[in-house]
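Structure first, commentary second.
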Amino acid sequence: MKELNYSRVVLLLAGLTLATLAVYSVVSQRTDDYFEFLIWNLFLAWLPFVFSMAAHELDKRKIGGLLVFPLGIAWLLFFPNAPYIMTDLVHLMMRKNLYFVGGIVQSRFWYDLVMLLLFTWSGWLTGFFSLYQFQAVIYRKSNLLLSWVFVLSACALGGYGVLLGRVYRLNSWDVLTDRHQLYQLVMDSLNRQSVFFSLFVACVLLAIYATMYCLLNVLGKGGGRAYSGGGRR
């Protein structure tokens with residue numbers, strides 16, 4: 001795996017987030033503040049990157065080794081918030097009476113669609129960079145094969161997390177504050193339709209992440225160092 005310049009990654013993600021918020025500001029002035037919840041969802045999508053950045057830097061500097069595990073748990077709880085933003089596209093259907101009047105597509109539909117896609121892209125990119133960082137931590141401690149086992153597990157749990165968030169309206173912090181509800185929702189979600197949905201989202205996550213991984217490690221030339229340490233080059 002190539003070691004990225006995470007100072008530049010942070011600047012990239014921060015710039016993309018600011019651009020996303022600027023587009024939201026423009027669009028909300030032309031329409032309304034219905035999509036204000038997207039700001040909160042994008043904030044939640046940033047949390048796994050904060051956790052992964054902390055774990056990555058601690059592991060890289062070989063300090064605070066015991067802290068990496070709780071950071072990994074926190075990352076896993078909040079990681080589904082990044083791909084979850086995609087499901088906010090459902091709100092376009094909820095407002096279809098505003099978008100289609102007399103068989104004519106209103107301009108506000110295109111404004112809202114572009115804004116939602118930009119929020120989705122910002123959230124997904126932030127989430128996938130956080131996944132790349134944790135894969136790098138696993139790679140340094142073991143090898144490339146185990147790091148991909150981690151990626152597969154994270155995508156599977158991420159797909160299930162999207163299901164719990166969108167269909168069952170579970171929040172990441174409910175795991176700590178309402179364990180009884182969590183247990184009941186898990187039992188209710190163990191059915192064929194939910195499993196298929198979770199696997200479908202997991203496959204989408206894996207496909208996009210694998211594409212990003214290849215762009216960074218296979219198709220690119222130079223521009224980064226291979227991780228050293230426990231992992232193989």
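Residues are referred to by chain and number: the chain letter is A, B, ... according to the order shown in the structure tokens, the number counts from 1 in that chain, and ligands are numbered separately from 1 in the order shown.
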
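Within the 7 Å cut-off around stretch 67-75 of chain A, using only C-alpha atoms and omitting residues fewer than 3 positions from it on the same chain, the listed residues are Pro48, Phe51, Ser52, Ala55, Gly64, Phe78 and Phe79 of chain A.
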
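All residues of protein, DNA or RNA that reach within 10 Å of A:Ala19, judged by only C-alpha atoms and not counting those fewer than 6 positions away in the chain, are Leu13, Ser25, Leu118, Phe119 and Ser122 of chain A.
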
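Minimum atom-to-atom distance to A:Gln184, evaluated using only C-alpha atoms, belongs to A:Leu164 out of A:Leu157, A:Leu164, A:Val26, A:Ala210.
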
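Separating atom CA of A:Phe129 from atom CA of A:Leu4 is a distance of 9.9 Å.
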
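Interatomic distance, atom CA of A:Leu216 against atom CA of A:Leu44: 25.2 Å.
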
Task: Near-stretch 169-177 of chain A list (12 Å; only C-alpha atoms; drop same-chain fewer than 3 positions) as a count of residues only - done: 32

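Atom pair atom CA of A:Val167 / atom CA of A:Val90 has a distance of 11.7 Å (rounded to one decimal).
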